[in-house]
file final20.pdb (PDB, C-alpha atoms, pLDDT in the B column)
ATOM      1  CA  MET U   1      14.155   6.781 -45.923  1.00 40.00           C
ATOM      2  CA  SER U   2      11.706   7.337 -43.050  1.00 41.00           C
ATOM      3  CA  GLU U   3      12.694   9.701 -40.263  1.00 42.00           C
ATOM      4  CA  GLU U   4      13.338   8.455 -36.761  1.00 48.00           C
ATOM      5  CA  PRO U   5      10.449   9.293 -34.396  1.00 61.00           C
ATOM      6  CA  THR U   6      11.146  12.214 -32.094  1.00 81.00           C
ATOM      7  CA  ALA U   7      12.126  11.098 -28.601  1.00 91.00           C
ATOM      8  CA  VAL U   8       9.686  11.733 -25.757  1.00 95.00           C
ATOM      9  CA  ARG U   9      11.244  14.357 -23.482  1.00 97.00           C
ATOM     10  CA  VAL U  10      10.789  13.610 -19.775  1.00 97.00           C
ATOM     11  CA  LEU U  11      11.209  15.506 -16.497  1.00 97.00           C
ATOM     12  CA  VAL U  12      11.567  13.308 -13.387  1.00 97.00           C
ATOM     13  CA  VAL U  13      10.256  14.729 -10.102  1.00 97.00           C
ATOM     14  CA  ASP U  14      10.882  13.045  -6.744  1.00 96.00           C
ATOM     15  CA  ASP U  15      12.117  14.321  -3.384  1.00 94.00           C
ATOM     16  CA  GLN U  16      14.331  11.247  -2.810  1.00 94.00           C
ATOM     17  CA  GLN U  17      17.615  11.511  -4.683  1.00 95.00           C
ATOM     18  CA  LEU U  18      18.214   7.771  -4.961  1.00 95.00           C
ATOM     19  CA  ILE U  19      14.824   7.188  -6.573  1.00 94.00           C
ATOM     20  CA  ARG U  20      15.105  10.291  -8.726  1.00 95.00           C
ATOM     21  CA  ASP U  21      18.536   9.362 -10.039  1.00 95.00           C
ATOM     22  CA  GLY U  22      17.596   5.702 -10.463  1.00 95.00           C
ATOM     23  CA  ILE U  23      14.517   6.448 -12.538  1.00 95.00           C
ATOM     24  CA  SER U  24      16.446   8.929 -14.652  1.00 96.00           C
ATOM     25  CA  ALA U  25      19.229   6.412 -15.303  1.00 95.00           C
ATOM     26  CA  LEU U  26      16.804   3.636 -16.244  1.00 94.00           C
ATOM     27  CA  LEU U  27      14.831   5.845 -18.613  1.00 95.00           C
ATOM     28  CA  SER U  28      17.931   7.328 -20.228  1.00 93.00           C
ATOM     29  CA  ILE U  29      18.856   3.959 -21.747  1.00 93.00           C
ATOM     30  CA  ARG U  30      15.377   3.301 -23.145  1.00 93.00           C
ATOM     31  CA  PRO U  31      14.922   3.957 -26.864  1.00 91.00           C
ATOM     32  CA  GLY U  32      12.760   6.908 -27.772  1.00 91.00           C
ATOM     33  CA  ILE U  33      13.061   8.648 -24.394  1.00 95.00           C
ATOM     34  CA  THR U  34      15.220  11.609 -23.396  1.00 96.00           C
ATOM     35  CA  VAL U  35      15.465  12.743 -19.760  1.00 96.00           C
ATOM     36  CA  LEU U  36      15.667  16.541 -19.786  1.00 96.00           C
ATOM     37  CA  GLY U  37      16.310  16.891 -16.081  1.00 96.00           C
ATOM     38  CA  THR U  38      15.008  16.306 -12.558  1.00 97.00           C
ATOM     39  CA  ALA U  39      13.286  18.253  -9.805  1.00 97.00           C
ATOM     40  CA  VAL U  40      13.134  17.702  -6.042  1.00 96.00           C
ATOM     41  CA  ASN U  41       9.618  19.016  -5.330  1.00 95.00           C
ATOM     42  CA  GLY U  42       6.502  20.352  -7.006  1.00 94.00           C
ATOM     43  CA  ARG U  43       7.652  23.957  -6.969  1.00 94.00           C
ATOM     44  CA  GLU U  44      10.889  23.162  -8.776  1.00 96.00           C
ATOM     45  CA  ALA U  45       8.960  20.865 -11.118  1.00 96.00           C
ATOM     46  CA  VAL U  46       6.797  23.775 -12.241  1.00 95.00           C
ATOM     47  CA  GLU U  47       9.821  26.024 -12.753  1.00 96.00           C
ATOM     48  CA  LYS U  48      11.698  23.426 -14.801  1.00 96.00           C
ATOM     49  CA  ALA U  49       8.637  22.389 -16.807  1.00 96.00           C
ATOM     50  CA  VAL U  50       8.057  25.999 -17.828  1.00 95.00           C
ATOM     51  CA  GLU U  51      11.736  26.317 -18.770  1.00 95.00           C
ATOM     52  CA  LEU U  52      12.315  22.933 -20.452  1.00 96.00           C
ATOM     53  CA  ARG U  53       8.824  22.197 -21.838  1.00 96.00           C
ATOM     54  CA  PRO U  54       8.965  18.387 -21.392  1.00 97.00           C
ATOM     55  CA  ASP U  55       6.467  16.162 -23.158  1.00 96.00           C
ATOM     56  CA  VAL U  56       5.882  14.124 -19.992  1.00 96.00           C
ATOM     57  CA  VAL U  57       6.475  14.905 -16.319  1.00 97.00           C
ATOM     58  CA  LEU U  58       6.867  11.934 -13.957  1.00 96.00           C
ATOM     59  CA  MET U  59       5.598  13.325 -10.659  1.00 96.00           C
ATOM     60  CA  ASP U  60       5.742  11.917  -7.139  1.00 94.00           C
ATOM     61  CA  VAL U  61       2.664  12.602  -4.990  1.00 92.00           C
ATOM     62  CA  ARG U  62       3.935  13.519  -1.531  1.00 90.00           C
ATOM     63  CA  MET U  63       6.739  16.082  -1.564  1.00 92.00           C
ATOM     64  CA  PRO U  64       7.724  19.147   0.494  1.00 87.00           C
ATOM     65  CA  GLU U  65       6.922  22.762  -0.453  1.00 86.00           C
ATOM     66  CA  LEU U  66       4.421  21.850  -3.175  1.00 90.00           C
ATOM     67  CA  ASP U  67       3.057  18.327  -3.452  1.00 91.00           C
ATOM     68  CA  GLY U  68       2.487  16.476  -6.701  1.00 93.00           C
ATOM     69  CA  VAL U  69      -1.266  17.008  -6.941  1.00 91.00           C
ATOM     70  CA  GLU U  70      -0.940  20.753  -6.398  1.00 92.00           C
ATOM     71  CA  ALA U  71       1.881  20.890  -8.924  1.00 94.00           C
ATOM     72  CA  VAL U  72      -0.275  19.154 -11.551  1.00 93.00           C
ATOM     73  CA  ALA U  73      -2.952  21.813 -11.170  1.00 90.00           C
ATOM     74  CA  VAL U  74      -0.366  24.585 -11.584  1.00 93.00           C
ATOM     75  CA  LEU U  75       1.201  22.902 -14.614  1.00 93.00           C
ATOM     76  CA  ARG U  76      -2.170  22.697 -16.362  1.00 88.00           C
ATOM     77  CA  GLY U  77      -2.096  26.467 -16.507  1.00 89.00           C
ATOM     78  CA  ARG U  78       1.600  27.193 -16.979  1.00 92.00           C
ATOM     79  CA  ALA U  79       2.745  24.267 -19.137  1.00 92.00           C
ATOM     80  CA  PRO U  80      -0.461  22.752 -20.550  1.00 90.00           C
ATOM     81  CA  GLU U  81       1.403  20.909 -23.313  1.00 92.00           C
ATOM     82  CA  SER U  82       3.232  18.763 -20.730  1.00 94.00           C
ATOM     83  CA  ARG U  83       1.385  15.604 -19.707  1.00 94.00           C
ATOM     84  CA  VAL U  84       1.841  14.580 -16.088  1.00 94.00           C
ATOM     85  CA  VAL U  85       2.005  10.968 -14.923  1.00 94.00           C
ATOM     86  CA  MET U  86       1.983  10.379 -11.191  1.00 92.00           C
ATOM     87  CA  LEU U  87       4.620   7.835 -10.127  1.00 92.00           C
ATOM     88  CA  THR U  88       4.338   6.999  -6.454  1.00 88.00           C
ATOM     89  CA  THR U  89       4.197   4.333  -3.748  1.00 87.00           C
ATOM     90  CA  PHE U  90       0.764   5.533  -2.569  1.00 81.00           C
ATOM     91  CA  ASP U  91      -2.230   3.731  -4.074  1.00 72.00           C
ATOM     92  CA  ASP U  92      -4.883   5.430  -1.944  1.00 74.00           C
ATOM     93  CA  GLU U  93      -7.964   6.078  -4.074  1.00 74.00           C
ATOM     94  CA  GLU U  94      -8.275   9.658  -2.834  1.00 78.00           C
ATOM     95  CA  TYR U  95      -4.820  10.497  -4.166  1.00 81.00           C
ATOM     96  CA  VAL U  96      -5.778   8.948  -7.496  1.00 82.00           C
ATOM     97  CA  VAL U  97      -9.010  10.924  -7.803  1.00 82.00           C
ATOM     98  CA  GLN U  98      -7.374  14.179  -6.728  1.00 84.00           C
ATOM     99  CA  ALA U  99      -4.525  13.729  -9.199  1.00 86.00           C
ATOM    100  CA  LEU U 100      -6.815  12.909 -12.128  1.00 83.00           C
ATOM    101  CA  ARG U 101      -9.145  15.782 -11.334  1.00 83.00           C
ATOM    102  CA  ALA U 102      -6.138  18.115 -11.179  1.00 87.00           C
ATOM    103  CA  GLY U 103      -5.244  17.055 -14.729  1.00 87.00           C
ATOM    104  CA  ALA U 104      -2.847  14.103 -14.434  1.00 89.00           C
ATOM    105  CA  SER U 105      -2.648  11.797 -17.448  1.00 86.00           C
ATOM    106  CA  GLY U 106      -1.971   8.685 -15.401  1.00 85.00           C
ATOM    107  CA  TYR U 107      -1.271   7.179 -11.996  1.00 88.00           C
ATOM    108  CA  LEU U 108       1.372   4.459 -11.674  1.00 90.00           C
ATOM    109  CA  LEU U 109       3.161   2.742  -8.802  1.00 89.00           C
ATOM    110  CA  LYS U 110       6.937   2.656  -8.460  1.00 88.00           C
ATOM    111  CA  ASP U 111       7.183  -1.121  -8.390  1.00 86.00           C
ATOM    112  CA  LEU U 112       6.490  -1.544 -12.108  1.00 87.00           C
ATOM    113  CA  PRO U 113       9.330  -2.723 -14.399  1.00 89.00           C
ATOM    114  CA  ALA U 114      11.389  -0.092 -16.215  1.00 89.00           C
ATOM    115  CA  GLU U 115      10.193  -1.212 -19.653  1.00 90.00           C
ATOM    116  CA  GLU U 116       6.553  -0.868 -18.577  1.00 89.00           C
ATOM    117  CA  LEU U 117       7.278   2.603 -17.252  1.00 92.00           C
ATOM    118  CA  ALA U 118       8.878   3.577 -20.558  1.00 92.00           C
ATOM    119  CA  HIS U 119       5.863   2.194 -22.416  1.00 89.00           C
ATOM    120  CA  ALA U 120       3.508   4.145 -20.141  1.00 89.00           C
ATOM    121  CA  ILE U 121       5.440   7.336 -20.851  1.00 92.00           C
ATOM    122  CA  ARG U 122       5.089   6.813 -24.602  1.00 90.00           C
ATOM    123  CA  LEU U 123       1.372   6.140 -24.218  1.00 86.00           C
ATOM    124  CA  ALA U 124       0.892   9.227 -22.045  1.00 88.00           C
ATOM    125  CA  HIS U 125       2.652  11.301 -24.693  1.00 90.00           C
ATOM    126  CA  SER U 126       0.189   9.966 -27.273  1.00 85.00           C
ATOM    127  CA  GLY U 127      -2.762  10.896 -25.050  1.00 83.00           C
ATOM    128  CA  VAL U 128      -3.575   7.570 -23.399  1.00 80.00           C
ATOM    129  CA  THR U 129      -4.425   7.692 -19.697  1.00 77.00           C
ATOM    130  CA  GLN U 130      -2.555   5.076 -17.643  1.00 77.00           C
ATOM    131  CA  LEU U 131      -3.828   3.607 -14.382  1.00 78.00           C
ATOM    132  CA  ASP U 132      -1.935   0.942 -12.477  1.00 77.00           C
ATOM    133  CA  SER U 133      -4.077  -2.203 -12.363  1.00 70.00           C
ATOM    134  CA  SER U 134      -4.050  -2.290  -8.546  1.00 67.00           C
ATOM    135  CA  VAL U 135      -5.040   1.380  -8.460  1.00 65.00           C
ATOM    136  CA  ALA U 136      -7.981   0.730 -10.764  1.00 65.00           C
ATOM    137  CA  GLY U 137      -8.971  -2.176  -8.543  1.00 59.00           C
ATOM    138  CA  ARG U 138      -8.893  -0.043  -5.398  1.00 58.00           C
ATOM    139  CA  LEU U 139     -11.007   2.607  -7.107  1.00 60.00           C
ATOM    140  CA  ALA U 140     -13.558   0.010  -8.101  1.00 54.00           C
ATOM    141  CA  ALA U 141     -13.646  -1.467  -4.587  1.00 54.00           C
ATOM    142  CA  ALA U 142     -14.134   1.967  -3.032  1.00 52.00           C
ATOM    143  CA  LEU U 143     -17.150   2.806  -5.158  1.00 50.00           C
ATOM    144  CA  PRO U 144     -20.691   2.067  -4.012  1.00 50.00           C
ATOM    145  CA  PRO U 145     -22.808  -0.201  -6.224  1.00 48.00           C
ATOM    146  CA  PRO U 146     -24.088   1.747  -9.232  1.00 46.00           C
ATOM    147  CA  ALA U 147     -27.629   3.021  -8.939  1.00 46.00           C
ATOM    148  CA  PRO U 148     -29.907   1.554 -11.611  1.00 45.00           C
ATOM    149  CA  ALA U 149     -31.373   4.989 -12.320  1.00 39.00           C
ATOM    150  CA  SER U 150     -27.986   6.378 -13.396  1.00 43.00           C
ATOM    151  CA  ALA U 151     -27.652   4.219 -16.506  1.00 44.00           C
ATOM    152  CA  PRO U 152     -30.221   5.995 -18.752  1.00 37.00           C
ATOM    153  CA  ALA U 153     -28.612   9.365 -18.001  1.00 48.00           C
ATOM    154  CA  VAL U 154     -25.366   8.194 -19.592  1.00 55.00           C
ATOM    155  CA  ALA U 155     -26.944   8.372 -23.099  1.00 71.00           C
ATOM    156  CA  LEU U 156     -24.549   5.735 -24.432  1.00 82.00           C
ATOM    157  CA  SER U 157     -25.129   2.422 -26.135  1.00 83.00           C
ATOM    158  CA  PRO U 158     -24.289  -0.783 -24.213  1.00 83.00           C
ATOM    159  CA  ARG U 159     -21.160  -1.169 -26.359  1.00 88.00           C
ATOM    160  CA  GLU U 160     -20.071   2.406 -25.582  1.00 88.00           C
ATOM    161  CA  VAL U 161     -20.638   1.807 -21.880  1.00 87.00           C
ATOM    162  CA  ASP U 162     -18.367  -1.246 -22.101  1.00 89.00           C
ATOM    163  CA  ILE U 163     -15.692   0.810 -23.872  1.00 91.00           C
ATOM    164  CA  LEU U 164     -15.991   3.686 -21.382  1.00 90.00           C
ATOM    165  CA  ARG U 165     -15.521   1.222 -18.533  1.00 88.00           C
ATOM    166  CA  LEU U 166     -12.340  -0.143 -20.132  1.00 90.00           C
ATOM    167  CA  VAL U 167     -11.016   3.357 -20.822  1.00 88.00           C
ATOM    168  CA  ALA U 168     -11.478   4.118 -17.124  1.00 85.00           C
ATOM    169  CA  ARG U 169      -9.406   1.044 -16.307  1.00 85.00           C
ATOM    170  CA  GLY U 170      -6.512   2.421 -18.341  1.00 83.00           C
ATOM    171  CA  ARG U 171      -6.818   0.066 -21.310  1.00 86.00           C
ATOM    172  CA  THR U 172      -5.322   1.150 -24.630  1.00 88.00           C
ATOM    173  CA  ASN U 173      -7.340   1.133 -27.863  1.00 90.00           C
ATOM    174  CA  ARG U 174      -5.569  -2.056 -28.907  1.00 90.00           C
ATOM    175  CA  GLU U 175      -6.344  -3.797 -25.608  1.00 90.00           C
ATOM    176  CA  ILE U 176      -9.993  -2.734 -25.804  1.00 92.00           C
ATOM    177  CA  ALA U 177     -10.213  -3.940 -29.397  1.00 91.00           C
ATOM    178  CA  THR U 178      -8.762  -7.328 -28.449  1.00 91.00           C
ATOM    179  CA  GLN U 179     -11.047  -7.772 -25.444  1.00 90.00           C
ATOM    180  CA  LEU U 180     -14.224  -6.770 -27.299  1.00 89.00           C
ATOM    181  CA  TYR U 181     -13.297  -8.351 -30.657  1.00 89.00           C
ATOM    182  CA  LEU U 182     -13.350  -5.042 -32.495  1.00 88.00           C
ATOM    183  CA  SER U 183     -10.914  -3.241 -34.776  1.00 90.00           C
ATOM    184  CA  GLU U 184      -8.802  -0.434 -33.313  1.00 89.00           C
ATOM    185  CA  GLY U 185     -10.467   1.974 -35.745  1.00 89.00           C
ATOM    186  CA  THR U 186     -13.903   1.022 -34.443  1.00 91.00           C
ATOM    187  CA  VAL U 187     -12.777   1.517 -30.859  1.00 92.00           C
ATOM    188  CA  LYS U 188     -11.313   4.921 -31.732  1.00 90.00           C
ATOM    189  CA  ASN U 189     -14.605   5.966 -33.355  1.00 90.00           C
ATOM    190  CA  HIS U 190     -16.593   4.803 -30.335  1.00 90.00           C
ATOM    191  CA  ILE U 191     -14.348   6.775 -27.990  1.00 91.00           C
ATOM    192  CA  SER U 192     -14.733   9.913 -30.116  1.00 90.00           C
ATOM    193  CA  ARG U 193     -18.526   9.565 -29.907  1.00 88.00           C
ATOM    194  CA  ILE U 194     -18.366   8.955 -26.151  1.00 90.00           C
ATOM    195  CA  LEU U 195     -16.319  12.110 -25.597  1.00 89.00           C
ATOM    196  CA  SER U 196     -18.690  14.100 -27.806  1.00 87.00           C
ATOM    197  CA  ARG U 197     -21.917  12.805 -26.235  1.00 84.00           C
ATOM    198  CA  LEU U 198     -20.693  13.364 -22.697  1.00 86.00           C
ATOM    199  CA  ALA U 199     -19.014  16.704 -23.535  1.00 84.00           C
ATOM    200  CA  LEU U 200     -15.639  15.451 -22.309  1.00 86.00           C
ATOM    201  CA  ARG U 201     -12.205  16.778 -23.277  1.00 83.00           C
ATOM    202  CA  ASP U 202     -10.101  13.629 -23.126  1.00 83.00           C
ATOM    203  CA  ARG U 203      -9.705  10.096 -21.777  1.00 84.00           C
ATOM    204  CA  THR U 204      -8.838  11.366 -18.302  1.00 81.00           C
ATOM    205  CA  GLN U 205     -12.173  13.131 -18.033  1.00 82.00           C
ATOM    206  CA  ALA U 206     -13.843  10.008 -19.420  1.00 85.00           C
ATOM    207  CA  ALA U 207     -12.244   7.904 -16.671  1.00 83.00           C
ATOM    208  CA  LEU U 208     -13.506  10.299 -14.007  1.00 84.00           C
ATOM    209  CA  ARG U 209     -17.009  10.345 -15.496  1.00 84.00           C
ATOM    210  CA  ALA U 210     -17.051   6.544 -15.539  1.00 84.00           C
ATOM    211  CA  ARG U 211     -16.123   6.543 -11.841  1.00 78.00           C
ATOM    212  CA  ASP U 212     -18.845   9.070 -11.034  1.00 79.00           C
ATOM    213  CA  LEU U 213     -21.401   6.942 -12.916  1.00 79.00           C
ATOM    214  CA  GLY U 214     -20.395   3.812 -11.014  1.00 77.00           C
ATOM    215  CA  LEU U 215     -19.081   2.018 -14.096  1.00 77.00           C
ATOM    216  CA  LEU U 216     -15.842   0.783 -12.506  1.00 67.00           C
TER     217      LEU U 216
END
call {"tool": "encode", "arguments": {"input": "final20.pdb", "output": "structure tokens"}}
result
Amino acid sequence: MSEEPTAVRVLVVDDQQLIRDGISALLSIRPGITVLGTAVNGREAVEKAVELRPDVVLMDVRMPELDGVEAVAVLRGRAPESRVVMLTTFDDEEYVVQALRAGASGYLLKDLPAEELAHAIRLAHSGVTQLDSSVAGRLAAALPPPAPASAPAVALSPREVDILRLVARGRTNREIATQLYLSEGTVKNHISRILSRLALRDRTQAALRARDLGLL
């Protein structure tokens, strides 16, 4: 008999009690997710993450004492095994860039359905960066047109450039495979080569590099 998959352990961080309690209640009834606790600001989030070691931290952006972006940067050093997903009402591209550069594994808006949030948490736990579609759109709109001279410096094939662009838009391997008519294994191999060629650590860094190269 196969063993049940281990539940993803989550810490919910938000300075508004109603939102904090509501998110916790909704996630608690989702299969495969366990809410370890909550925190009211970034400082408490760091303390509880170090104590509880959650798999995923759902982090609001604007909070008193220590905001979400600053807390992400601290958590990268003190609880590096915890992946942080920003969950906020603010879709400003500067917040997105700051959060991703600080080490966040995703940036989502609070108006998404509970099941989609649960799915995003599972994906974040497995290492997939999640960007809300409207956030990705705002990032793309804020970027200047790509300079033609930047393309050769990427050192990627046209197919790899296409895949990097989709990674930056938060697509999963399965979604990329479907869109480009490839197998998931082929997409995974392409992404491994992209990370290696560009000397990147993970999909979050790949998304940032794609933005810097004007691929969004």
call {"tool": "resolve_selection", "arguments": {"input": "final20.pdb", "expression": "the PyMOL selection byres ((chain U and resi 168-183) around 6)", "output": "VMD selection string"}}
result
chain U and resid 129 to 131 136 165 to 167 184 to 186 207
call {"tool": "residues_around", "arguments": {"input": "final20.pdb", "residues": "region 89-92 of chain U", "least_positions_apart": "3", "cutoff": "7 Å", "atoms": "only C-alpha atoms", "output": "short mmCIF file (atom, residue, chain, number, x, y, z; two decimals) with C-alpha atoms, keeping the file's coordinate frame"}}
result
data_model
loop_
_atom_site.label_atom_id
_atom_site.label_comp_id
_atom_site.auth_asym_id
_atom_site.auth_seq_id
_atom_site.Cartn_x
_atom_site.Cartn_y
_atom_site.Cartn_z
CA TYR U 95 -4.82 10.50 -4.17
CA VAL U 96 -5.78 8.95 -7.50
CA LEU U 109 3.16 2.74 -8.80
CA LYS U 110 6.94 2.66 -8.46
CA VAL U 135 -5.04 1.38 -8.46
#
call {"tool": "residues_around", "arguments": {"input": "final20.pdb", "residues": "Arg9 (chain U)", "least_positions_apart": "5", "cutoff": "8 Å", "atoms": "only C-alpha atoms", "output": "ChimeraX atom specification"}}
result
/U:33-36,54-56
call {"tool": "residues_around", "arguments": {"input": "final20.pdb", "residues": "Leu195 (chain U)", "least_positions_apart": "5", "cutoff": "10 Å", "atoms": "only C-alpha atoms", "output": "number ranges by chain"}}
result
U: 164, 190, 200-203, 205-206
call {"tool": "residues_around", "arguments": {"input": "final20.pdb", "residues": "Ala79 (chain U)", "least_positions_apart": "5", "cutoff": "7 Å", "atoms": "only C-alpha atoms", "output": "ChimeraX atom specification"}}
result
/U:49-50,53
call {"tool": "residues_around", "arguments": {"input": "final20.pdb", "residues": "region 60-70 of chain U", "least_positions_apart": "3", "cutoff": "6 Å", "atoms": "all atoms listed in the file", "output": "ChimeraX atom specification"}}
result
/U:14-15,41-43,73,86-88,99
call {"tool": "atom_distance", "arguments": {"input": "final20.pdb", "atom1": "CA of Ala104 (chain U)", "atom2": "CA of Arg76 (chain U)"}}
result
8.8 Å
call {"tool": "closest_residue", "arguments": {"input": "final20.pdb", "among": "U:Leu100, U:Val128, U:Leu108, U:Ala114", "to": "Ala25 (chain U)", "atoms": "all atoms listed in the file"}}
result
U:Ala114
call {"tool": "atom_distance", "arguments": {"input": "final20.pdb", "atom1": "CA of Gly214 (chain U)", "atom2": "CA of Asp162 (chain U)"}}
result
12.4 Å
call {"tool": "closest_atom_pairs", "arguments": {"input": "final20.pdb", "of": "region 46-73 of chain U", "to": "region 18-24 of chain U", "cutoff": "12 Å", "atoms": "only C-alpha atoms", "output": "tab-separated table"}}
result
residue	atom	partner	partner_atom	distance
U:Val57	CA	U:Ser24	CA	11.7
U:Leu58	CA	U:Ile23	CA	9.5
U:Met59	CA	U:Arg20	CA	10.2
U:Asp60	CA	U:Arg20	CA	9.6
call {"tool": "closest_residue", "arguments": {"input": "final20.pdb", "among": "U:Ala120, U:Val161, U:Val84, U:Leu112", "to": "Thr204 (chain U)", "atoms": "only C-alpha atoms"}}
result
U:Val84
call {"tool": "atom_distance", "arguments": {"input": "final20.pdb", "atom1": "CA of Glu47 (chain U)", "atom2": "CA of Val13 (chain U)"}}
result
11.6 Å
call {"tool": "resolve_selection", "arguments": {"input": "final20.pdb", "expression": "the PyMOL selection byres ((chain U and resi 31) around 12)", "output": "ChimeraX atom specification"}}
result
/U:4-9,26-30,32-35,114-115,118-119,121-122
call {"tool": "closest_residue", "arguments": {"input": "final20.pdb", "among": "U:Leu208, U:Ala155, U:Val97, U:Ala124", "to": "Ser82 (chain U)", "atoms": "only C-alpha atoms"}}
result
U:Ala124
call {"tool": "build_atoms", "arguments": {"input": "final20.pdb", "residues": "region 18-35 of chain U", "atoms": "N, CA, C and O atoms", "output": "JSON list (two decimals), in the frame of the given file"}}
result
[["chain", "number", "residue", "atom", "x", "y", "z"],
["U", 18, "LEU", "N", 17.92, 9.11, -4.45],
["U", 18, "LEU", "CA", 18.21, 7.77, -4.96],
["U", 18, "LEU", "C", 17.16, 7.33, -5.97],
["U", 18, "LEU", "O", 17.50, 6.80, -7.04],
["U", 19, "ILE", "N", 15.90, 7.57, -5.66],
["U", 19, "ILE", "CA", 14.82, 7.19, -6.57],
["U", 19, "ILE", "C", 14.86, 8.06, -7.82],
["U", 19, "ILE", "O", 14.72, 7.58, -8.95],
["U", 20, "ARG", "N", 15.06, 9.35, -7.61],
["U", 20, "ARG", "CA", 15.10, 10.29, -8.73],
["U", 20, "ARG", "C", 16.22, 9.94, -9.71],
["U", 20, "ARG", "O", 15.99, 9.85, -10.93],
["U", 21, "ASP", "N", 17.39, 9.70, -9.18],
["U", 21, "ASP", "CA", 18.54, 9.36, -10.04],
["U", 21, "ASP", "C", 18.37, 7.99, -10.68],
["U", 21, "ASP", "O", 18.74, 7.78, -11.84],
["U", 22, "GLY", "N", 17.79, 7.04, -9.93],
["U", 22, "GLY", "CA", 17.60, 5.70, -10.46],
["U", 22, "GLY", "C", 16.62, 5.68, -11.62],
["U", 22, "GLY", "O", 16.87, 5.05, -12.66],
["U", 23, "ILE", "N", 15.50, 6.39, -11.46],
["U", 23, "ILE", "CA", 14.52, 6.45, -12.54],
["U", 23, "ILE", "C", 15.11, 7.13, -13.76],
["U", 23, "ILE", "O", 14.93, 6.66, -14.90],
["U", 24, "SER", "N", 15.83, 8.20, -13.54],
["U", 24, "SER", "CA", 16.45, 8.93, -14.65],
["U", 24, "SER", "C", 17.42, 8.04, -15.41],
["U", 24, "SER", "O", 17.44, 8.02, -16.65],
["U", 25, "ALA", "N", 18.24, 7.28, -14.67],
["U", 25, "ALA", "CA", 19.23, 6.41, -15.30],
["U", 25, "ALA", "C", 18.56, 5.31, -16.11],
["U", 25, "ALA", "O", 18.97, 4.98, -17.23],
["U", 26, "LEU", "N", 17.50, 4.72, -15.55],
["U", 26, "LEU", "CA", 16.80, 3.64, -16.24],
["U", 26, "LEU", "C", 16.12, 4.14, -17.51],
["U", 26, "LEU", "O", 16.13, 3.46, -18.55],
["U", 27, "LEU", "N", 15.52, 5.31, -17.44],
["U", 27, "LEU", "CA", 14.83, 5.84, -18.61],
["U", 27, "LEU", "C", 15.80, 6.32, -19.69],
["U", 27, "LEU", "O", 15.50, 6.24, -20.89],
["U", 28, "SER", "N", 16.96, 6.78, -19.28],
["U", 28, "SER", "CA", 17.93, 7.33, -20.23],
["U", 28, "SER", "C", 18.43, 6.28, -21.22],
["U", 28, "SER", "O", 18.87, 6.62, -22.33],
["U", 29, "ILE", "N", 18.37, 5.01, -20.84],
["U", 29, "ILE", "CA", 18.86, 3.96, -21.75],
["U", 29, "ILE", "C", 17.73, 3.32, -22.55],
["U", 29, "ILE", "O", 17.96, 2.39, -23.32],
["U", 30, "ARG", "N", 16.50, 3.83, -22.38],
["U", 30, "ARG", "CA", 15.38, 3.30, -23.14],
["U", 30, "ARG", "C", 15.26, 4.03, -24.48],
["U", 30, "ARG", "O", 15.39, 5.26, -24.53],
["U", 31, "PRO", "N", 15.04, 3.30, -25.56],
["U", 31, "PRO", "CA", 14.92, 3.96, -26.86],
["U", 31, "PRO", "C", 13.70, 4.87, -26.92],
["U", 31, "PRO", "O", 12.65, 4.56, -26.36],
["U", 32, "GLY", "N", 13.88, 6.00, -27.58],
["U", 32, "GLY", "CA", 12.76, 6.91, -27.77],
["U", 32, "GLY", "C", 12.43, 7.78, -26.59],
["U", 32, "GLY", "O", 11.39, 8.43, -26.58],
["U", 33, "ILE", "N", 13.30, 7.82, -25.57],
["U", 33, "ILE", "CA", 13.06, 8.65, -24.39],
["U", 33, "ILE", "C", 14.31, 9.45, -24.07],
["U", 33, "ILE", "O", 15.42, 8.91, -24.06],
["U", 34, "THR", "N", 14.13, 10.73, -23.81],
["U", 34, "THR", "CA", 15.22, 11.61, -23.40],
["U", 34, "THR", "C", 14.86, 12.26, -22.07],
["U", 34, "THR", "O", 13.79, 12.87, -21.95],
["U", 35, "VAL", "N", 15.70, 12.10, -21.06],
["U", 35, "VAL", "CA", 15.46, 12.74, -19.76],
["U", 35, "VAL", "C", 16.07, 14.14, -19.80],
["U", 35, "VAL", "O", 17.28, 14.30, -19.91]]
